[in-house]
Amino acid sequence: MLSRVYCLLAAGVFTAGITSAQDIPLDRVLIQDEGWQKVVGGMKFCDACCSDHLGNFYFSDVTGANGIKRVSLSGKVSDFIKGITGISGMQFGPDGRLYACQGPSRRIVALSPGVEPDVIVADVRPNDLVVTDEGHLYFTETSTRRVYHLDLNKNGRRLSIVAKDIAKPNGIALSADGGSLLVSDHMDKEIWFFRIEKDGSLSCRSPYASLRLRARHHPSKGDGIEADHLGCFYVTSDLGLQMFDPTGRMSGVIHTPQPGKPLVSVVFSGKDLAYIYVANGDAVYRRKVQSKGVLHW
């Protein structure tokens, strides 16, 4: 009973400081007459959207031969790291390196241009990851229904299972304050909430929000997650980009730029982190919004 009370209090802490931002409707975020703009096209399959502190945008051509691309603030598209394939999730860490899930090679790597990939952990099948300010790395392994934790500050054996028995854990993200972890489920409708403890372990598992489904018992295809500075969350799904307010209430669904093609990844990037970028099939799109993103390191 005490643990249950503690978790309820933790959920309150999750939304503390952003109570004024609750009950946020979709039209408070979207800008009238601002739609999706294509940023890059002609790829094989785009995924792994991420941003640096300056607002430069990065993505991976997962199954193609285009490697990792960079889009500058001016919109110039260039190669960031050539020749690397199979990257389904990535984020810059506090050390400035780009941490990436390379599922087909069964590993997580740290990347820097012109340097051979540094293998962080092998013999895993990672899908997506997130890195905290303190150097805690979490990743989903969809095939085993698990979430793993790595302490990047420690040497030796440091891989541990911190959550399991999620139907198909997929996207993973931090809350706006960095104190909570959220995990999407590609099969089910629930978005799972966890409190991050000081040692990197997770507690207070609870369903934070429920994705809208196309039909009853239809897979949600919940995937990439991103938070904004208001505490809202955005989750890519079969229906489109679903937005939730800080309490987990549904605010609305933003339509998919290319209906019929997978919407798999989302991040705030661009000037002032005021653009939502999404990976949608063979292309990347963005749209300017009234909100902005949060970078933790």
# chains A, B, ... in the order shown; residues from 1 in each chain; ligands from 1

$ closest_atom_pairs --of "region 84-187 of chain A" --to "region 31-48 of chain A" --cutoff "7 Å" --atoms "only C-alpha atoms" --output "JSON lines"
{"residue": "A:Ile87", "atom": "CA", "partner": "A:Ala48", "partner_atom": "CA", "distance": 6.8}
{"residue": "A:Ser88", "atom": "CA", "partner": "A:Ala48", "partner_atom": "CA", "distance": 5.1}
{"residue": "A:Gly89", "atom": "CA", "partner": "A:Ala48", "partner_atom": "CA", "distance": 4.1}
{"residue": "A:Met90", "atom": "CA", "partner": "A:Ala48", "partner_atom": "CA", "distance": 5.5}

$ residues_around --residues "Pro259 (chain A)" --least-positions-apart "6" --cutoff "9 Å" --atoms "only C-alpha atoms" --output "PyMOL selection string"
chain A and resi 239-240+280

$ select_by_dssp --residues "region 198-283 of chain A" --states "strand (DSSP E or B)" --output "ChimeraX atom specification"
/A:202-210,225-228,233-236,241-244,250-254,263-269,275-280,283

$ write_last_selection --atoms "C-alpha atoms" --output "CSV table (one decimal), in the first residue's frame"
chain,number,residue,atom,x,y,z
A,202,LEU,CA,13.1,2.6,-12.5
A,203,SER,CA,10.1,2.6,-10.1
A,204,CYS,CA,6.4,3.5,-10.1
A,205,ARG,CA,5.5,1.8,-13.4
A,206,SER,CA,2.1,2.9,-14.5
A,207,PRO,CA,0.1,3.6,-17.7
A,208,TYR,CA,0.6,7.3,-18.4
A,209,ALA,CA,-1.6,7.7,-21.4
A,210,SER,CA,-3.6,5.7,-23.9
A,225,ILE,CA,8.1,9.9,-28.4
A,226,GLU,CA,9.1,13.5,-27.8
A,227,ALA,CA,8.4,16.0,-25.0
A,228,ASP,CA,8.0,19.8,-25.3
A,233,PHE,CA,4.2,14.5,-25.2
A,234,TYR,CA,3.9,13.6,-28.9
A,235,VAL,CA,3.8,10.0,-30.0
A,236,THR,CA,4.0,8.7,-33.6
A,241,LEU,CA,1.2,12.2,-34.4
A,242,GLN,CA,-0.8,11.9,-31.1
A,243,MET,CA,-0.4,14.7,-28.6
A,244,PHE,CA,-1.0,14.4,-24.8
A,250,MET,CA,-5.4,13.3,-25.2
A,251,SER,CA,-5.1,16.8,-26.8
A,252,GLY,CA,-5.5,15.6,-30.4
A,253,VAL,CA,-4.0,13.9,-33.4
A,254,ILE,CA,-1.8,15.7,-36.0
A,263,LEU,CA,5.2,7.5,-39.2
A,264,VAL,CA,8.0,6.3,-36.9
A,265,SER,CA,10.1,9.1,-35.3
A,266,VAL,CA,9.6,12.6,-34.0
A,267,VAL,CA,11.9,15.3,-32.5
A,268,PHE,CA,11.9,19.1,-31.9
A,269,SER,CA,14.7,20.7,-33.8
A,275,TYR,CA,9.8,22.8,-35.3
A,276,ILE,CA,8.4,19.3,-35.1
A,277,TYR,CA,10.3,17.0,-37.4
A,278,VAL,CA,9.0,13.5,-38.3
A,279,ALA,CA,10.3,10.5,-40.2
A,280,ASN,CA,7.6,9.3,-42.5
A,283,ALA,CA,11.0,11.3,-46.3

$ closest_residue --among "A:Ile24, A:Val183, A:Ala122, A:Leu129" --to "Arg145 (chain A)" --atoms "only C-alpha atoms"
A:Val183

$ residues_around --residues "Ser112 (chain A)" --least-positions-apart "2" --cutoff "7 Å" --atoms "only C-alpha atoms" --output "PyMOL selection string"
chain A and resi 97-98+114-115

$ residues_around --residues "Asn153 (chain A)" --least-positions-apart "6" --cutoff "12 Å" --atoms "only C-alpha atoms" --output "PyMOL selection string"
chain A and resi 93-95+120+131-137+199-200

$ closest_residue --among "A:Asp128, A:Leu174, A:Leu26, A:Asp245" --to "Gln290 (chain A)" --atoms "only C-alpha atoms"
A:Leu26

$ atom_distance --atom1 "CA of Gly178 (chain A)" --atom2 "CA of Glu190 (chain A)"
20.3 Å

$ closest_residue --among "A:Tyr138, A:Thr144, A:Ser175, A:Asp118" --to "Leu295 (chain A)" --atoms "only C-alpha atoms"
A:Ser175

$ closest_residue --among "A:Phe193, A:Phe80, A:Phe59, A:Phe139" --to "Leu111 (chain A)" --atoms "only C-alpha atoms"
A:Phe80

$ atom_distance --atom1 "CA of Leu181 (chain A)" --atom2 "CA of Ile196 (chain A)"
6.6 Å

$ closest_residue --among "A:His217, A:His229, A:His186, A:Lys76" --to "Gly293 (chain A)" --atoms "only C-alpha atoms"
A:His229

$ atom_distance --atom1 "CA of Ile68 (chain A)" --atom2 "CA of Glu141 (chain A)"
21.6 Å
